[in-house]
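Student: Hey, dropping final_36.pdb in here, PDB, C-alpha atoms:
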```pdb
MODEL        1
ATOM      1  CA  MET A 872       0.000   0.000   0.000  1.00  0.00           C
ATOM      2  CA  ASP A 873       1.370   3.431  -0.831  1.00  0.00           C
ATOM      3  CA  ALA A 874       1.948   6.173   1.745  1.00  0.00           C
ATOM      4  CA  ALA A 875      -1.051   8.272   0.713  1.00  0.00           C
ATOM      5  CA  ARG A 876      -3.420   5.327   0.967  1.00  0.00           C
ATOM      6  CA  GLU A 877      -1.949   4.290   4.313  1.00  0.00           C
ATOM      7  CA  GLN A 878      -2.492   7.800   5.680  1.00  0.00           C
ATOM      8  CA  GLY A 879      -6.114   7.683   4.555  1.00  0.00           C
ATOM      9  CA  GLU A 880      -6.574   4.313   6.241  1.00  0.00           C
ATOM     10  CA  ARG A 881      -5.044   5.614   9.487  1.00  0.00           C
ATOM     11  CA  LEU A 882      -7.322   8.673   9.449  1.00  0.00           C
ATOM     12  CA  ALA A 883     -10.379   6.504   8.835  1.00  0.00           C
ATOM     13  CA  ALA A 884      -9.376   4.129  11.629  1.00  0.00           C
ATOM     14  CA  ALA A 885      -8.877   6.997  14.101  1.00  0.00           C
ATOM     15  CA  MET A 886     -12.144   8.798  13.345  1.00  0.00           C
ATOM     16  CA  PRO A 887     -14.502   6.637  15.469  1.00  0.00           C
ATOM     17  CA  ALA A 888     -12.442   7.389  18.601  1.00  0.00           C
ATOM     18  CA  VAL A 889     -12.423  11.093  17.727  1.00  0.00           C
ATOM     19  CA  ILE A 890     -16.213  11.114  17.305  1.00  0.00           C
ATOM     20  CA  GLU A 891     -16.756   9.209  20.562  1.00  0.00           C
ATOM     21  CA  GLN A 892     -14.512  11.599  22.514  1.00  0.00           C
ATOM     22  CA  ALA A 893     -16.268  14.604  20.990  1.00  0.00           C
ATOM     23  CA  ARG A 894     -19.623  13.034  21.931  1.00  0.00           C
ATOM     24  CA  TRP A 895     -18.498  12.754  25.550  1.00  0.00           C
ATOM     25  CA  ASP A 896     -17.147  16.301  25.476  1.00  0.00           C
ATOM     26  CA  ALA A 897     -20.507  17.518  24.123  1.00  0.00           C
ATOM     27  CA  LYS A 898     -22.257  15.642  26.954  1.00  0.00           C
ATOM     28  CA  LEU A 899     -24.364  13.591  24.572  1.00  0.00           C
ATOM     29  CA  ARG A 900     -25.177  10.508  26.609  1.00  0.00           C
ATOM     30  CA  SER A 901     -25.431   7.993  23.785  1.00  0.00           C
ATOM     31  CA  ALA A 902     -24.578   7.330  20.173  1.00  0.00           C
ATOM     32  CA  ARG A 903     -28.333   7.254  19.581  1.00  0.00           C
ATOM     33  CA  ALA A 904     -28.610  10.842  20.871  1.00  0.00           C
ATOM     34  CA  LEU A 905     -25.722  11.906  18.641  1.00  0.00           C
ATOM     35  CA  ALA A 906     -27.297  10.209  15.635  1.00  0.00           C
ATOM     36  CA  ALA A 907     -30.585  12.016  16.240  1.00  0.00           C
ATOM     37  CA  ALA A 908     -28.836  15.375  16.654  1.00  0.00           C
ATOM     38  CA  ALA A 909     -26.902  14.782  13.413  1.00  0.00           C
ATOM     39  CA  GLY A 910     -29.977  13.694  11.442  1.00  0.00           C
ATOM     40  CA  MET A 911     -28.812  10.089  11.089  1.00  0.00           C
ATOM     41  CA  THR A 912     -30.261   6.790  12.157  1.00  0.00           C
ATOM     42  CA  HIS A 913     -28.462   5.128  15.033  1.00  0.00           C
ATOM     43  CA  THR A 914     -27.832   2.100  12.795  1.00  0.00           C
ATOM     44  CA  TYR A 915     -26.099   4.325  10.230  1.00  0.00           C
ATOM     45  CA  LEU A 916     -23.907   5.955  12.879  1.00  0.00           C
ATOM     46  CA  ASN A 917     -23.132   2.721  14.729  1.00  0.00           C
ATOM     47  CA  ALA A 918     -21.822   1.067  11.554  1.00  0.00           C
ATOM     48  CA  ARG A 919     -19.364   3.926  11.198  1.00  0.00           C
ATOM     49  CA  LEU A 920     -18.402   4.015  14.874  1.00  0.00           C
ATOM     50  CA  ALA A 921     -17.705   0.275  14.680  1.00  0.00           C
ATOM     51  CA  GLY A 922     -15.354   0.905  11.758  1.00  0.00           C
ATOM     52  CA  ASP A 923     -17.431  -1.195   9.365  1.00  0.00           C
ATOM     53  CA  ILE A 924     -17.982   1.816   7.088  1.00  0.00           C
ATOM     54  CA  VAL A 925     -15.855   4.968   6.883  1.00  0.00           C
ATOM     55  CA  PHE A 926     -17.275   8.399   7.664  1.00  0.00           C
ATOM     56  CA  THR A 927     -17.990  10.595   4.646  1.00  0.00           C
ATOM     57  CA  VAL A 928     -17.396  14.327   4.410  1.00  0.00           C
ATOM     58  CA  ARG A 929     -21.171  14.764   4.667  1.00  0.00           C
ATOM     59  CA  ASP A 930     -21.168  12.671   7.856  1.00  0.00           C
ATOM     60  CA  LEU A 931     -18.396  14.793   9.371  1.00  0.00           C
ATOM     61  CA  GLY A 932     -20.301  17.965   8.498  1.00  0.00           C
ATOM     62  CA  SER A 933     -23.490  16.730  10.175  1.00  0.00           C
ATOM     63  CA  LEU A 934     -21.646  15.373  13.185  1.00  0.00           C
ATOM     64  CA  GLY A 935     -19.624  18.559  13.520  1.00  0.00           C
ATOM     65  CA  VAL A 936     -22.813  20.604  13.790  1.00  0.00           C
ATOM     66  CA  ALA A 937     -24.319  18.166  16.308  1.00  0.00           C
ATOM     67  CA  LEU A 938     -21.131  18.131  18.378  1.00  0.00           C
ATOM     68  CA  GLY A 939     -20.368  21.838  18.112  1.00  0.00           C
ATOM     69  CA  VAL A 940     -16.987  21.032  16.556  1.00  0.00           C
ATOM     70  CA  ASP A 941     -15.710  22.193  13.185  1.00  0.00           C
ATOM     71  CA  PRO A 942     -15.397  19.173  10.849  1.00  0.00           C
ATOM     72  CA  ALA A 943     -11.828  20.247  10.053  1.00  0.00           C
ATOM     73  CA  GLU A 944     -11.058  19.951  13.766  1.00  0.00           C
ATOM     74  CA  LEU A 945     -12.377  16.375  13.754  1.00  0.00           C
ATOM     75  CA  LEU A 946      -9.969  15.584  10.914  1.00  0.00           C
ATOM     76  CA  ARG A 947      -7.115  17.335  12.717  1.00  0.00           C
ATOM     77  CA  ARG A 948      -7.728  15.229  15.813  1.00  0.00           C
ATOM     78  CA  ALA A 949      -7.828  12.035  13.739  1.00  0.00           C
ATOM     79  CA  ALA A 950      -4.573  13.046  12.046  1.00  0.00           C
ATOM     80  CA  GLU A 951      -2.993  13.592  15.461  1.00  0.00           C
ATOM     81  CA  ILE A 952      -4.010  10.095  16.598  1.00  0.00           C
ATOM     82  CA  ALA A 953      -2.822   8.586  13.314  1.00  0.00           C
ATOM     83  CA  ALA A 954       0.553  10.314  13.696  1.00  0.00           C
ATOM     84  CA  LEU A 955       0.944   8.974  17.240  1.00  0.00           C
ATOM     85  CA  GLU A 956       0.102   5.449  16.098  1.00  0.00           C
ATOM     86  CA  ASP A 957       2.565   5.778  13.225  1.00  0.00           C
ATOM     87  CA  GLU A 958       5.224   6.930  15.684  1.00  0.00           C
ATOM     88  CA  HIS A 959       4.527   3.925  17.928  1.00  0.00           C
ATOM     89  CA  GLU A 960       4.815   1.574  14.940  1.00  0.00           C
ATOM     90  CA  GLU A 961       8.192   3.087  14.044  1.00  0.00           C
ATOM     91  CA  ILE A 962       9.421   2.640  17.612  1.00  0.00           C
ATOM     92  CA  ALA A 963       8.217  -0.965  17.688  1.00  0.00           C
ATOM     93  CA  ALA A 964       9.875  -1.677  14.340  1.00  0.00           C
ATOM     94  CA  HIS A 965      13.119  -0.111  15.560  1.00  0.00           C
ATOM     95  CA  ASP A 966      12.994  -2.073  18.797  1.00  0.00           C
ATOM     96  CA  SER A 967      12.704  -5.370  16.948  1.00  0.00           C
ATOM     97  CA  GLU A 968      15.237  -4.919  14.147  1.00  0.00           C
ATOM     98  CA  GLY A 969      17.342  -7.896  15.265  1.00  0.00           C
ATOM     99  CA  THR A 970      16.275 -11.503  15.460  1.00  0.00           C
ATOM    100  CA  ILE A 971      14.830 -12.901  18.657  1.00  0.00           C
ATOM    101  CA  GLU A 972      18.003 -14.923  19.173  1.00  0.00           C
ATOM    102  CA  GLU A 973      20.162 -11.796  18.868  1.00  0.00           C
ATOM    103  CA  GLU A 974      17.971  -9.960  21.365  1.00  0.00           C
ATOM    104  CA  GLN A 975      18.075 -12.873  23.811  1.00  0.00           C
ATOM    105  CA  GLU A 976      21.868 -13.053  23.593  1.00  0.00           C
ATOM    106  CA  ALA A 977      22.389  -9.308  23.892  1.00  0.00           C
ATOM    107  CA  PRO A 978      23.655  -8.040  27.237  1.00  0.00           C
ATOM    108  CA  GLU A 979      21.162  -6.162  29.392  1.00  0.00           C
ATOM    109  CA  PHE A 980      23.337  -3.058  29.495  1.00  0.00           C
ATOM    110  CA  PRO A 981      25.745  -1.851  26.838  1.00  0.00           C
TER     111      PRO A 981
ENDMDL
END
```
As structure tokens, what does this structure read like?
Tutor:
Amino acid sequence: MDAAREQGERLAAAMPAVIEQARWDAKLRSARALAAAAGMTHTYLNARLAGDIVFTVRDLGSLGVALGVDPAELLRRAAEIAALEDEHEEIAAHDSEGTIEEEQEAPEFP
């Protein structure tokens, strides 16, 4: 997968957590209440919150209004999460560059 596609996938994967946090911040007690405020069915919203279907720009616009958050801010938050996850993946990859045998044989302290 190319870098642009991977970034899109990371943003899409982060968006449900961003929406849920914004829902809590807006003091909406349930996803059903958020769906109603955004003019969606709860089934429609739940499929997206579960990650089964990605949020569309139209969805982010409606949810932004319901949450009192600019849709661009929702994307910014998702990008921040995606960047942190990418950073963690890089650290994990760096930590495991050697084979298991090499790591087991390595001294505890240099």
Student: Excluding stretch 894-907 of chain A and residues on its chain fewer than 4 positions from it, collect all residues at most 7 Å away from it, counting only C-alpha atoms, and give them as a PyMOL selection string.
Tutor: chain A and resi 890+911-913+916+937-938
Student: Go through A:Val925, A:Val940, A:Ala918, A:Gly935 one by one, measure the shortest atom-to-atom distance of each to A:Glu880 using only C-alpha atoms, and give the residue with the smallest value.
Tutor: A:Val925
Student: Let me have the centre and edge lengths in Å, one decimal, of the box along x, y and z around every listed atom of stretch 885-888 of chain A with 8 Å of margin on each side, as lines of an AutoDock Vina configuration file.
Tutor:
```
center_x = -11.7
center_y = 7.7
center_z = 16.0
size_x = 21.6
size_y = 18.2
size_z = 21.3
```
Student: Give me, please, the distance in Å between atom CA of A:Glu956 and atom CA of A:Gly922, quoted to one decimal.
Tutor: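 Straight-line distance from atom CA of A:Glu956 to atom CA of A:Gly922 works out to 16.7 Å.
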Student: Taking all atoms listed in the file into account, name the residue in A:Leu882, A:Ala875, A:Leu920, A:Leu931 that is nearest to A:Leu955.
Tutor: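 For A:Leu955, the nearest of the candidates is A:Leu882.
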Student: Could you check the closest approach to A:Pro887 for each of A:Ile952, A:Ala921, A:Leu934, A:Ala908 and tell me which residue wins, using all atoms listed in the file?
Tutor: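 Of A:Ile952, A:Ala921, A:Leu934, A:Ala908, the one nearest A:Pro887 is A:Ala921, counting all atoms listed in the file.
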Student: To one decimal place in Å, what is the distance between atom CA of A:Leu945 and atom CA of A:Thr927?
Tutor: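 These two atoms are separated by 12.2 Å.
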Student: Quick one: pull the distance between atom CA of A:Val936 and atom CA of A:Glu877, Å, one decimal.
Tutor: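 Taking atom CA of A:Val936 as the start and atom CA of A:Glu877 as the end point, the length is 28.1 Å.
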Student: Could you expand the PyMOL selection byres ((chain A and resi 879) around 12) into the explicit residues it covers here, written as a ChimeraX atom specification?
Tutor: /A:872-878,880-886,925-926,946,949-950,953-954
